>>> print(open('model.cif').read())   # mmCIF, C-alpha atoms
data_target
loop_
_atom_site.label_atom_id
_atom_site.label_comp_id
_atom_site.auth_asym_id
_atom_site.auth_seq_id
_atom_site.Cartn_x
_atom_site.Cartn_y
_atom_site.Cartn_z
CA ARG T 1 -35.39 4.13 -24.81
CA PRO T 2 -37.46 4.98 -27.90
CA ASP T 3 -36.45 1.79 -29.73
CA ARG T 4 -37.40 -0.46 -26.80
CA SER T 5 -40.14 1.39 -24.96
CA GLY T 6 -43.73 0.21 -25.03
CA ILE T 7 -45.02 3.45 -23.48
CA SER T 8 -47.87 4.71 -25.65
CA HIS T 9 -49.08 7.68 -23.62
CA ILE T 10 -48.19 9.87 -20.65
CA ARG T 11 -50.69 10.99 -18.04
CA GLY T 12 -49.99 13.94 -15.81
CA CYS T 13 -50.90 17.25 -14.30
CA TYR T 14 -49.40 20.72 -14.01
CA VAL T 15 -49.22 22.10 -10.45
CA ASN T 16 -48.64 25.77 -9.63
CA GLU T 17 -46.79 27.26 -6.67
CA ASN T 18 -50.04 27.36 -4.66
CA ARG T 19 -50.36 23.56 -4.90
CA GLU T 20 -53.28 23.84 -7.31
CA ILE T 21 -53.73 21.65 -10.38
CA VAL T 22 -53.80 24.05 -13.33
CA SER T 23 -54.33 21.42 -16.02
CA GLN T 24 -54.32 17.67 -16.63
CA PHE T 25 -53.38 15.76 -19.76
CA ASP T 26 -53.23 12.31 -21.34
CA GLN T 27 -50.64 12.75 -24.07
CA SER T 28 -50.22 10.16 -26.82
CA LEU T 29 -46.59 9.70 -27.84
CA GLY T 30 -47.77 8.65 -31.29
CA LEU T 31 -49.21 12.12 -31.91
CA MET T 32 -45.97 13.85 -30.92
CA SER T 33 -42.98 14.46 -33.15
CA GLN T 34 -40.08 12.04 -32.76
CA GLU T 35 -37.94 14.74 -31.19
CA GLU T 36 -40.61 15.63 -28.63
CA SER T 37 -41.32 12.01 -27.66
CA GLU T 38 -37.60 11.29 -27.30
CA LYS T 39 -37.18 14.27 -24.97
CA LEU T 40 -40.16 13.15 -22.91
CA LEU T 41 -38.79 9.61 -22.60
CA ALA T 42 -35.38 11.05 -21.67
CA ILE T 43 -37.01 12.87 -18.73
CA LEU T 44 -38.67 9.65 -17.57
CA ARG T 45 -35.38 7.77 -17.98
CA ARG T 46 -33.66 10.22 -15.63
CA THR T 47 -35.94 8.88 -12.89
CA LEU T 48 -34.01 5.59 -13.12
CA SER T 49 -30.57 7.21 -13.19
CA GLY T 50 -27.91 7.57 -10.53
CA THR T 51 -26.38 5.11 -8.09
CA LEU T 52 -28.20 2.57 -5.94
CA GLY T 53 -27.98 3.71 -2.35
CA LYS T 54 -27.46 7.35 -3.39
CA ASN T 55 -29.98 8.69 -5.89
CA LEU T 56 -31.91 5.40 -5.97
CA ALA T 57 -33.26 3.84 -2.79
CA ASP T 58 -35.11 0.57 -2.20
CA ILE T 59 -38.49 1.07 -0.53
CA THR T 60 -39.68 -2.12 1.18
CA PHE T 61 -43.30 -2.83 2.05
CA SER T 62 -44.19 -5.05 4.98
CA THR T 63 -46.15 -8.24 4.34
CA GLN T 64 -49.19 -6.66 5.99
CA GLN T 65 -48.99 -3.69 3.63
CA VAL T 66 -48.90 -5.96 0.58
CA VAL T 67 -51.84 -8.01 1.90
CA ASP T 68 -54.04 -5.08 2.90
CA SER T 69 -53.05 -1.43 2.87
CA GLU T 70 -54.40 1.66 1.15
CA GLU T 71 -51.03 2.74 -0.23
CA HIS T 72 -50.23 -0.63 -1.84
CA ARG T 73 -53.76 -1.02 -3.24
CA LEU T 74 -53.43 2.39 -4.90
CA LEU T 75 -50.18 1.46 -6.64
CA MET T 76 -51.58 -1.90 -7.72
CA ALA T 77 -54.72 -0.19 -9.12
CA LEU T 78 -52.60 2.18 -11.19
CA ARG T 79 -50.48 -0.68 -12.50
CA GLY T 80 -53.38 -3.07 -13.07
CA SER T 81 -55.45 -0.54 -15.01
CA SER T 82 -52.51 0.78 -17.05
CA LEU T 83 -53.33 4.21 -15.57
CA ALA T 84 -56.95 4.00 -16.78
CA ASP T 85 -58.38 4.01 -13.23
CA GLU T 86 -59.33 7.70 -12.96
CA GLU T 87 -59.99 7.57 -9.21
CA ALA T 88 -56.57 6.04 -8.55
CA VAL T 89 -54.79 8.59 -10.77
CA GLN T 90 -56.44 11.51 -8.97
CA ALA T 91 -55.66 9.96 -5.58
CA LEU T 92 -51.96 9.72 -6.48
CA PHE T 93 -51.90 13.33 -7.68
CA GLN T 94 -53.38 14.50 -4.39
CA ARG T 95 -50.96 12.46 -2.30
CA VAL T 96 -48.01 14.04 -4.09
CA ILE T 97 -49.39 17.58 -4.00
CA SER T 98 -50.41 17.48 -0.33
CA SER T 99 -47.04 16.17 0.86
CA LEU T 100 -44.33 17.51 -1.46
CA THR T 101 -42.70 20.83 -0.65
CA LEU T 102 -41.24 22.07 -3.92
CA GLU T 103 -40.60 25.70 -4.81
CA GLY T 104 -42.40 26.93 -7.91
CA ASN T 105 -44.43 25.03 -10.50
CA TYR T 106 -43.97 21.37 -11.38
CA LEU T 107 -45.30 18.48 -13.45
CA ILE T 108 -46.36 15.05 -12.23
CA LEU T 109 -45.78 12.57 -15.07
CA LEU T 110 -47.14 9.00 -15.05
CA ALA T 111 -46.27 6.23 -17.50
CA HIS T 112 -47.14 2.54 -17.74
CA ASP T 113 -45.12 -0.02 -19.65
CA THR T 114 -44.63 -3.78 -19.98
CA TYR T 115 -41.28 -5.43 -20.49
CA ASP T 116 -40.87 -8.92 -21.94
CA VAL T 117 -38.07 -10.29 -19.79
CA PRO T 118 -35.65 -12.20 -22.06
CA TYR T 119 -35.05 -15.78 -21.05
CA ARG T 120 -31.54 -16.43 -19.75
CA ALA T 121 -30.22 -19.99 -20.00
CA LYS T 122 -28.18 -21.66 -17.27
CA ASP T 123 -24.98 -20.87 -19.16
CA GLY T 124 -25.90 -17.15 -19.06
CA GLU T 125 -26.86 -16.89 -22.72
CA ARG T 126 -29.66 -14.37 -23.33
CA MET T 127 -32.53 -15.42 -25.60
CA ASP T 128 -34.63 -12.37 -26.56
CA ASP T 129 -37.21 -14.40 -28.46
CA ALA T 130 -37.90 -16.75 -25.55
CA SER T 131 -39.42 -14.47 -22.92
CA ASP T 132 -40.90 -16.42 -20.01
CA GLN T 133 -42.50 -13.53 -18.09
CA VAL T 134 -43.73 -9.96 -18.47
CA PHE T 135 -42.75 -7.14 -16.11
CA SER T 136 -45.60 -4.63 -15.85
CA TYR T 137 -44.75 -1.39 -14.08
CA ILE T 138 -45.61 2.27 -13.56
CA LEU T 139 -43.10 5.10 -13.52
CA CYS T 140 -43.74 8.45 -11.85
CA SER T 141 -41.58 11.55 -12.42
CA ILE T 142 -41.97 14.86 -10.60
CA CYS T 143 -40.32 17.61 -12.65
CA PRO T 144 -39.92 21.30 -11.74
CA VAL T 145 -41.05 23.75 -14.42
CA LYS T 146 -38.76 26.79 -14.45
CA LEU T 147 -38.81 30.15 -16.20
CA THR T 148 -35.87 30.83 -18.51
CA LYS T 149 -34.17 34.22 -18.73
CA PRO T 150 -34.71 36.57 -21.67
CA ALA T 151 -31.84 36.46 -24.15
CA LEU T 152 -30.61 37.77 -27.48
CA SER T 153 -30.35 35.16 -30.22
CA TYR T 154 -28.84 35.21 -33.71
CA PHE T 155 -30.97 33.55 -36.43
CA VAL T 156 -28.55 32.28 -39.08
CA TYR T 157 -31.05 31.88 -41.92
CA GLU T 158 -32.44 35.38 -41.42
CA ASN T 159 -29.02 36.89 -40.77
CA ALA T 160 -30.56 38.88 -37.97
CA PHE T 161 -30.76 39.19 -34.20
CA HIS T 162 -34.03 38.58 -32.36
CA ASP T 163 -35.09 38.80 -28.75
CA LEU T 164 -35.93 35.49 -27.07
CA LYS T 165 -38.58 36.02 -24.44
CA ALA T 166 -38.64 34.18 -21.15
CA ASP T 167 -40.50 30.87 -21.31
CA TRP T 168 -41.38 27.90 -19.11
CA VAL T 169 -39.29 24.73 -19.58
CA VAL T 170 -39.48 21.29 -17.98
CA SER T 171 -36.45 20.50 -15.81
CA PRO T 172 -35.03 17.04 -14.97
CA PRO T 173 -36.97 15.11 -12.28
CA GLU T 174 -36.60 16.17 -8.68
CA ALA T 175 -38.11 12.90 -7.41
CA GLY T 176 -40.00 9.87 -8.66
CA PHE T 177 -40.45 6.13 -8.31
CA LEU T 178 -40.77 2.82 -10.11
CA PHE T 179 -43.37 0.28 -8.95
CA PRO T 180 -43.02 -2.60 -8.55
CA ALA T 181 -39.27 -3.10 -8.25
CA PHE T 182 -37.44 -5.30 -10.76
CA ASP T 183 -35.17 -7.59 -8.71
CA GLU T 184 -33.36 -10.73 -9.80
CA ARG T 185 -34.92 -10.32 -13.26
CA THR T 186 -38.45 -10.63 -11.91
CA THR T 187 -41.33 -8.59 -10.44
CA ASN T 188 -41.01 -7.73 -6.75
CA LEU T 189 -44.35 -6.46 -5.39
CA TYR T 190 -42.79 -6.00 -1.95
CA ASN T 191 -40.50 -3.21 -3.17
CA ALA T 192 -40.49 0.07 -5.05
CA LEU T 193 -37.48 1.98 -6.35
CA TYR T 194 -37.45 5.63 -5.23
CA TYR T 195 -35.45 8.35 -6.99
CA SER T 196 -34.16 11.63 -5.56
CA ARG T 197 -32.05 14.04 -7.59
CA ASP T 198 -30.45 15.59 -4.49
CA ILE T 199 -28.47 13.04 -2.42
CA GLY T 200 -28.86 15.35 0.59
CA GLU T 201 -32.65 15.71 0.41
CA ASN T 202 -34.93 12.78 -0.44
CA HIS T 203 -38.25 14.44 0.56
CA PRO T 204 -39.19 12.12 3.44
CA GLU T 205 -42.72 13.58 3.60
CA LEU T 206 -43.33 12.38 0.04
CA ILE T 207 -42.01 8.90 0.84
CA ASP T 208 -44.33 8.69 3.83
CA ALA T 209 -47.35 9.81 1.81
CA LEU T 210 -46.73 7.37 -1.03
CA PHE T 211 -45.42 4.30 0.79
CA ARG T 212 -46.05 4.74 4.55
CA THR T 213 -42.57 3.43 5.30
CA PRO T 214 -39.66 5.04 7.19
CA PRO T 215 -37.61 7.09 4.69
CA PRO T 216 -34.01 5.95 4.13
CA MET T 217 -31.29 8.29 5.37
CA PRO T 218 -30.04 10.44 2.46
CA ALA T 219 -26.57 9.54 1.20
CA ALA T 220 -25.09 12.94 2.08
CA VAL T 221 -26.48 12.71 5.62
CA GLN T 222 -24.98 9.21 5.99
CA LYS T 223 -21.55 10.65 5.12
CA GLU T 224 -21.88 13.57 7.54
CA THR T 225 -23.11 11.28 10.34
CA PHE T 226 -20.31 8.76 9.79
CA GLU T 227 -17.66 11.50 9.81
CA SER T 228 -19.13 13.00 12.97
CA LEU T 229 -19.13 9.63 14.74
CA LEU T 230 -15.50 9.01 13.86
CA GLY T 231 -14.43 12.38 15.24
CA GLU T 232 -16.49 12.15 18.43
CA THR T 233 -15.86 8.54 19.46
CA LEU T 234 -12.26 7.95 18.37
CA ALA T 235 -11.02 10.97 20.38
CA GLU T 236 -7.19 10.95 20.46
CA ASP T 237 -7.17 7.95 18.10
CA CYS T 238 -8.71 10.11 15.37
CA SER T 239 -5.41 10.98 13.70
CA TYR T 240 -4.64 11.59 10.03
CA HIS T 241 -3.11 8.14 9.80
CA VAL T 242 -6.22 6.41 11.17
CA VAL T 243 -8.74 8.35 9.06
CA GLN T 244 -6.60 7.86 5.96
CA ALA T 245 -6.35 4.12 6.68
CA VAL T 246 -10.13 3.80 7.20
CA HIS T 247 -10.86 5.62 3.95
CA SER T 248 -8.25 3.57 2.12
CA GLN T 249 -9.87 0.31 3.22
CA LEU T 250 -13.32 1.53 2.20
CA ARG T 251 -12.01 2.58 -1.22
CA ASP T 252 -10.40 -0.85 -1.66
CA MET T 253 -13.74 -2.51 -0.87
CA ILE T 254 -15.44 -0.36 -3.52
CA GLU T 255 -12.85 -1.31 -6.14
CA GLU T 256 -13.01 -5.02 -5.28
CA HIS T 257 -16.81 -5.00 -5.49
CA LYS T 258 -16.65 -3.20 -8.83
CA ALA T 259 -14.12 -5.69 -10.19
CA SER T 260 -16.24 -8.66 -9.07
CA LYS T 261 -19.20 -7.30 -11.11
CA GLU T 262 -21.66 -8.38 -8.42
CA GLU T 263 -25.19 -7.14 -9.08
CA GLN T 264 -26.09 -6.61 -5.43
CA PRO T 265 -25.00 -3.22 -3.98
CA LEU T 266 -22.11 -3.33 -1.52
CA LEU T 267 -23.30 -2.83 2.07
CA LEU T 268 -21.27 -2.95 5.28
CA SER T 269 -22.80 -4.22 8.49
CA LYS T 270 -21.98 -2.75 11.89
CA GLY T 271 -19.65 -5.68 12.55
CA GLU T 272 -17.75 -5.09 9.31
CA VAL T 273 -17.32 -1.40 10.13
CA ARG T 274 -16.00 -2.43 13.55
CA SER T 275 -13.46 -4.75 11.89
CA VAL T 276 -12.27 -1.92 9.65
CA LEU T 277 -11.68 0.37 12.64
CA SER T 278 -9.89 -2.33 14.62
CA SER T 279 -7.59 -3.19 11.70
CA CYS T 280 -6.68 0.50 11.39
CA GLY T 281 -5.31 0.60 14.93
CA VAL T 282 -8.26 2.12 16.82
CA ALA T 283 -8.25 1.12 20.50
CA ALA T 284 -10.99 -1.29 21.63
CA PRO T 285 -12.72 1.21 24.01
CA HIS T 286 -13.07 3.70 21.16
CA VAL T 287 -14.37 1.01 18.81
CA ASP T 288 -16.97 0.08 21.43
CA ALA T 289 -17.98 3.74 21.76
CA PHE T 290 -18.32 4.00 17.97
CA GLU T 291 -20.46 0.85 17.90
CA ALA T 292 -22.82 2.22 20.56
CA GLN T 293 -23.23 5.52 18.72
CA TYR T 294 -23.71 3.62 15.45
CA ASP T 295 -26.85 1.98 16.84
CA GLN T 296 -28.33 5.35 17.75
CA ALA T 297 -27.41 7.05 14.48
CA PHE T 298 -28.14 4.35 11.91
CA GLY T 299 -29.84 1.49 13.74
CA PRO T 300 -28.26 -1.81 14.87
CA GLU T 301 -29.23 -3.69 11.70
CA ALA T 302 -28.48 -0.90 9.22
CA GLY T 303 -26.03 -1.52 6.41
CA LEU T 304 -23.95 1.33 5.00
CA SER T 305 -22.70 1.72 1.45
CA PRO T 306 -18.97 2.65 1.36
CA ARG T 307 -19.77 4.80 -1.67
CA ASN T 308 -21.82 7.02 0.63
CA LEU T 309 -19.05 7.32 3.20
CA VAL T 310 -15.97 8.21 1.15
CA ASP T 311 -15.11 9.87 -2.14
CA PRO T 312 -13.12 7.20 -4.02
CA LYS T 313 -11.49 9.84 -6.23
CA GLN T 314 -10.43 12.42 -3.67
CA LEU T 315 -8.88 12.89 -0.25
CA GLU T 316 -9.47 16.31 1.28
CA VAL T 317 -7.53 17.90 4.14
CA ARG T 318 -9.16 21.10 5.40
CA THR T 319 -8.36 23.81 7.95
CA PRO T 320 -10.33 27.05 8.47
CA ASP T 321 -8.05 28.81 5.96
CA VAL T 322 -6.56 26.10 3.75
CA THR T 323 -8.02 23.20 1.74
CA ILE T 324 -5.78 20.52 0.23
CA HIS T 325 -7.01 18.00 -2.35
CA VAL T 326 -4.92 14.84 -2.51
CA ASN T 327 -4.92 11.93 -4.92
CA PRO T 328 -6.18 9.06 -2.68
CA GLU T 329 -3.51 6.79 -4.10
CA ARG T 330 -0.80 9.20 -2.89
CA SER T 331 -2.09 9.92 0.59
CA ASP T 332 1.37 8.90 1.80
CA LEU T 333 2.63 12.33 0.63
CA VAL T 334 0.81 13.99 3.56
CA GLU T 335 1.67 13.74 7.23
CA THR T 336 1.00 15.69 10.41
CA ARG T 337 3.69 16.73 12.84
CA MET T 338 4.25 18.81 15.96
CA ILE T 339 7.25 21.17 15.58
CA GLU T 340 8.28 23.30 18.55
CA GLY T 341 4.76 23.16 19.98
CA THR T 342 2.99 24.06 16.73
CA ARG T 343 0.90 21.62 14.67
CA TYR T 344 1.81 21.31 10.98
CA ILE T 345 0.52 19.50 7.92
CA LEU T 346 3.50 18.46 5.82
CA ILE T 347 3.32 17.64 2.11
CA ARG T 348 6.28 15.98 0.43
CA ALA T 349 6.98 17.91 -2.79
CA ASN T 350 9.98 16.80 -4.85
CA GLU T 351 9.08 18.39 -8.19
CA GLY T 352 6.34 20.01 -10.23
CA VAL T 353 5.27 22.57 -7.61
CA GLU T 354 3.24 25.50 -8.95
CA VAL T 355 1.68 28.58 -7.36
CA ASN T 356 -1.17 30.03 -9.46
CA GLY T 357 0.32 28.30 -12.50
CA VAL T 358 3.90 29.49 -11.89
CA SER T 359 6.53 26.81 -11.31
CA ILE T 360 8.49 27.51 -8.15
CA GLN T 361 11.66 26.17 -6.56
CA ILE T 362 11.82 25.03 -2.94
CA SER T 363 15.26 25.50 -1.45
#
>>> encode(input="model.cif", output="structure tokens")
Amino acid sequence: RPDRSGISHIRGCYVNENREIVSQFDQSLGLMSQEESEKLLAILRRTLSGTLGKNLADITFSTQQVVDSEEHRLLMALRGSSLADEEAVQALFQRVISSLTLEGNYLILLAHDTYDVPYRAKDGERMDDASDQVFSYILCSICPVKLTKPALSYFVYENAFHDLKADWVVSPPEAGFLFPAFDERTTNLYNALYYSRDIGENHPELIDALFRTPPPMPAAVQKETFESLLGETLAEDCSYHVVQAVHSQLRDMIEEHKASKEEQPLLLSKGEVRSVLSSCGVAAPHVDAFEAQYDQAFGPEAGLSPRNLVDPKQLEVRTPDVTIHVNPERSDLVETRMIEGTRYILIRANEGVEVNGVSIQIS
């Protein structure tokens, strides 16, 4: 934020579609207009936006990496020199360019800042003037640069129309990271915070190039994998009632965690997922089959965020020709039934039924 940021300058480079650096810059925010600097900071701030476990993922370094590894030394050199280490800056640019597959032109933006962490007393009271430590970090944003379309514009003060030619504009970040992580109100050199705009694509090749760690499974892929496992392993137990009950329990967990205001993200272990299935009436052999497939799909020690598995605001029932969106709190209005050998989805509708905006009567 402009009123709290200590960022004085932005380093970066402009990369064309052939993965060539067209230009490099070291832009002072003090020499920019207030409007321009605020827009630039807003782009950087987007790299810290989204939900933990979805757009934001924890990247964990091993102890050996922190002690002696090329990738960790590079990040520490950038942070320690406040981006003044030219060799380190160029090395980071090349790692991004050589690994990232991004259509069109883009910018790599680098910022360094220090944050005086306010002291917090045992009773929870915050004391801004009693900082006991400084959090020094670097922030990297990778932003596509896209060409706008020509348009006709009306200039009020001239009372005339003018043609607006196509121009290149900086788009919100596609990916980026914060190093080191800021956990429990302190510096964590063993972690970085990685950002991906698309929850279905987190650019694993970029994660490998920057951190040399296994990339986390994208949130959208977690959801698809979980749904696939339920359908394949529950077999005849995979009824509307069971799936609705599983989703209902997961939504309740999300609400309870939100109400508790816990800072740590909610994660479910394999054992907790097993308990959810068992409590929803899934037979033990099918639960065992799900557990075995879970190990292969996610890993035996993997924790899953319920937010990545269900949509807390929507329940969707889909056939090849019909899609029904249901308020999750009224999932009881839907049931499945076999009538004279034909499968039906039944929706209880007492009043307020409309077809293309026209109120209809059911008799």
>>> closest_residue(input="model.cif", among="T:Leu229, T:Ile142, T:Val221, T:Val310", to="T:Met253", atoms="all atoms listed in the file")
T:Val310
>>> closest_residue(input="model.cif", among="T:Asp58, T:Leu110, T:Leu210, T:Arg95", to="T:Leu40", atoms="all atoms listed in the file")
T:Leu110
>>> residues_near_point(input="model.cif", point="(-7.4, 6.9, 15.6)", cutoff="9 Å", atoms="all atoms listed in the file", output="mmCIF file with C-alpha atoms, in the coordinates of the input")
data_model
loop_
_atom_site.group_PDB
_atom_site.id
_atom_site.type_symbol
_atom_site.label_atom_id
_atom_site.label_comp_id
_atom_site.auth_asym_id
_atom_site.auth_seq_id
_atom_site.Cartn_x
_atom_site.Cartn_y
_atom_site.Cartn_z
ATOM 1 C CA LEU T 230 -15.500 9.010 13.860
ATOM 2 C CA GLY T 231 -14.430 12.380 15.240
ATOM 3 C CA LEU T 234 -12.260 7.950 18.370
ATOM 4 C CA ALA T 235 -11.020 10.970 20.380
ATOM 5 C CA GLU T 236 -7.190 10.950 20.460
ATOM 6 C CA ASP T 237 -7.170 7.950 18.100
ATOM 7 C CA CYS T 238 -8.710 10.110 15.370
ATOM 8 C CA SER T 239 -5.410 10.980 13.700
ATOM 9 C CA TYR T 240 -4.640 11.590 10.030
ATOM 10 C CA HIS T 241 -3.110 8.140 9.800
ATOM 11 C CA VAL T 242 -6.220 6.410 11.170
ATOM 12 C CA VAL T 243 -8.740 8.350 9.060
ATOM 13 C CA LEU T 277 -11.680 0.370 12.640
ATOM 14 C CA CYS T 280 -6.680 0.500 11.390
ATOM 15 C CA GLY T 281 -5.310 0.600 14.930
ATOM 16 C CA VAL T 282 -8.260 2.120 16.820
ATOM 17 C CA ALA T 283 -8.250 1.120 20.500
ATOM 18 C CA HIS T 286 -13.070 3.700 21.160
#
>>> atom_distance(input="model.cif", atom1="atom CA of T:Val145", atom2="atom CA of T:Tyr14")
8.9 Å
>>> residues_around(input="model.cif", residues="stretch 81-91 of chain T", least_positions_apart="3", cutoff="9 Å", atoms="all atoms listed in the file", output="mmCIF file with C-alpha atoms, in the frame of the given file")
data_model
loop_
_atom_site.group_PDB
_atom_site.id
_atom_site.type_symbol
_atom_site.label_atom_id
_atom_site.label_comp_id
_atom_site.auth_asym_id
_atom_site.auth_seq_id
_atom_site.Cartn_x
_atom_site.Cartn_y
_atom_site.Cartn_z
ATOM 1 C CA ARG T 11 -50.690 10.990 -18.040
ATOM 2 C CA GLY T 12 -49.990 13.940 -15.810
ATOM 3 C CA LEU T 74 -53.430 2.390 -4.900
ATOM 4 C CA LEU T 75 -50.180 1.460 -6.640
ATOM 5 C CA MET T 76 -51.580 -1.900 -7.720
ATOM 6 C CA ALA T 77 -54.720 -0.190 -9.120
ATOM 7 C CA LEU T 78 -52.600 2.180 -11.190
ATOM 8 C CA GLN T 94 -53.380 14.500 -4.390
ATOM 9 C CA ARG T 95 -50.960 12.460 -2.300
ATOM 10 C CA VAL T 96 -48.010 14.040 -4.090
ATOM 11 C CA LEU T 110 -47.140 9.000 -15.050
ATOM 12 C CA ALA T 111 -46.270 6.230 -17.500
ATOM 13 C CA HIS T 112 -47.140 2.540 -17.740
ATOM 14 C CA ASP T 113 -45.120 -0.020 -19.650
ATOM 15 C CA SER T 136 -45.600 -4.630 -15.850
ATOM 16 C CA TYR T 137 -44.750 -1.390 -14.080
ATOM 17 C CA ILE T 138 -45.610 2.270 -13.560
#
>>> residues_near_point(input="model.cif", point="(-40.8, -0.5, -7.3)", cutoff="10 Å", atoms="only C-alpha atoms", output="list in words")
Ala57, Asp58, Ile59, Thr60, Phe61, Leu75, Tyr137, Ile138, Leu139, Phe177, Leu178, Phe179, Pro180, Ala181, Phe182, Asp183, Thr187, Asn188, Leu189, Tyr190, Asn191, Ala192, Leu193 and Tyr194 of chain T
>>> residues_around(input="model.cif", residues="T:Ala166", least_positions_apart="5", cutoff="9 Å", atoms="only C-alpha atoms", output="ChimeraX atom specification")
/T:147-151
>>> atom_distance(input="model.cif", atom1="atom CA of T:Gln249", atom2="atom CA of T:Val276")
7.2 Å
>>> closest_atom_pairs(input="model.cif", of="stretch 207-256 of chain T", to="stretch 322-331 of chain T", cutoff="9 Å", atoms="all atoms listed in the file", output="CSV")
residue,atom,partner,partner_atom,distance
T:Gln244,CA,T:Ser331,CA,7.3
T:His247,CA,T:Pro328,CA,8.8
T:Ser248,CA,T:Pro328,CA,7.6
T:Arg251,CA,T:Pro328,CA,8.8
>>> atom_distance(input="model.cif", atom1="atom CA of T:Cys13", atom2="atom CA of T:Gly50")
25.2 Å
>>> closest_residue(input="model.cif", among="T:Val287, T:His257, T:His203, T:Arg307", to="T:Gln222", atoms="all atoms listed in the file")
T:Arg307
>>> closest_residue(input="model.cif", among="T:Leu206, T:Leu92, T:Leu44, T:Ile108", to="T:Val22", atoms="only C-alpha atoms")
T:Ile108
>>> closest_residue(input="model.cif", among="T:Lys223, T:Arg337, T:Lys313, T:Arg274", to="T:Ile254", atoms="only C-alpha atoms")
T:Lys313
>>> closest_residue(input="model.cif", among="T:Leu107, T:Ile345, T:Glu255, T:Ser171", to="T:Arg318", atoms="only C-alpha atoms")
T:Ile345
>>> resolve_selection(input="model.cif", expression="the PyMOL selection byres ((chain T and resi 37) around 12)", output="ChimeraX atom specification")
/T:1-3,5,7-10,27-36,38-44
>>> closest_atom_pairs(input="model.cif", of="stretch 26-108 of chain T", to="stretch 259-266 of chain T", cutoff="12 Å", atoms="only C-alpha atoms", output="Markdown table")
| residue | atom | partner | partner_atom | distance |
| --- | --- | --- | --- | --- |
| T:Thr51 | CA | T:Pro265 | CA | 9.4 |
| T:Leu52 | CA | T:Pro265 | CA | 6.9 |
| T:Gly53 | CA | T:Pro265 | CA | 7.7 |
| T:Lys54 | CA | T:Pro265 | CA | 10.9 |
| T:Leu56 | CA | T:Pro265 | CA | 11.2 |
| T:Ala57 | CA | T:Pro265 | CA | 10.9 |
| T:Asp58 | CA | T:Pro265 | CA | 10.9 |
>>> decode(input="model.cif", residues="stretch 165-177 of chain T", atoms="N, CA and C atoms", output="tab-separated table (two decimals), in the first residue's frame")
chain	number	residue	atom	x	y	z
T	165	LYS	N	-5.79	4.42	-30.84
T	165	LYS	CA	-5.03	3.36	-31.48
T	165	LYS	C	-4.71	2.25	-30.48
T	166	ALA	N	-4.45	1.08	-31.01
T	166	ALA	CA	-4.07	-0.05	-30.17
T	166	ALA	C	-2.77	0.26	-29.45
T	167	ASP	N	-2.66	-0.20	-28.20
T	167	ASP	CA	-1.47	0.07	-27.41
T	167	ASP	C	-1.20	-1.10	-26.47
T	168	TRP	N	0.03	-1.15	-25.95
T	168	TRP	CA	0.42	-2.24	-25.06
T	168	TRP	C	0.14	-1.85	-23.62
T	169	VAL	N	-0.53	-2.73	-22.86
T	169	VAL	CA	-0.83	-2.44	-21.45
T	169	VAL	C	-0.38	-3.61	-20.59
T	170	VAL	N	-0.01	-3.30	-19.35
T	170	VAL	CA	0.43	-4.32	-18.40
T	170	VAL	C	-0.79	-4.96	-17.75
T	171	SER	N	-0.87	-6.27	-17.82
T	171	SER	CA	-1.98	-7.02	-17.23
T	171	SER	C	-1.63	-7.47	-15.82
T	172	PRO	N	-2.63	-7.89	-15.02
T	172	PRO	CA	-2.34	-8.42	-13.68
T	172	PRO	C	-1.38	-9.60	-13.74
T	173	PRO	N	-0.66	-9.87	-12.65
T	173	PRO	CA	0.35	-10.94	-12.65
T	173	PRO	C	-0.23	-12.30	-13.00
T	174	GLU	N	0.54	-13.03	-13.78
T	174	GLU	CA	0.20	-14.43	-14.08
T	174	GLU	C	0.79	-15.34	-13.02
T	175	ALA	N	1.97	-14.98	-12.50
T	175	ALA	CA	2.65	-15.76	-11.47
T	175	ALA	C	3.60	-14.84	-10.71
T	176	GLY	N	4.11	-15.32	-9.61
T	176	GLY	CA	5.06	-14.54	-8.83
T	176	GLY	C	5.35	-15.22	-7.50
T	177	PHE	N	6.19	-14.59	-6.69
T	177	PHE	CA	6.50	-15.18	-5.39
T	177	PHE	C	6.99	-14.13	-4.42
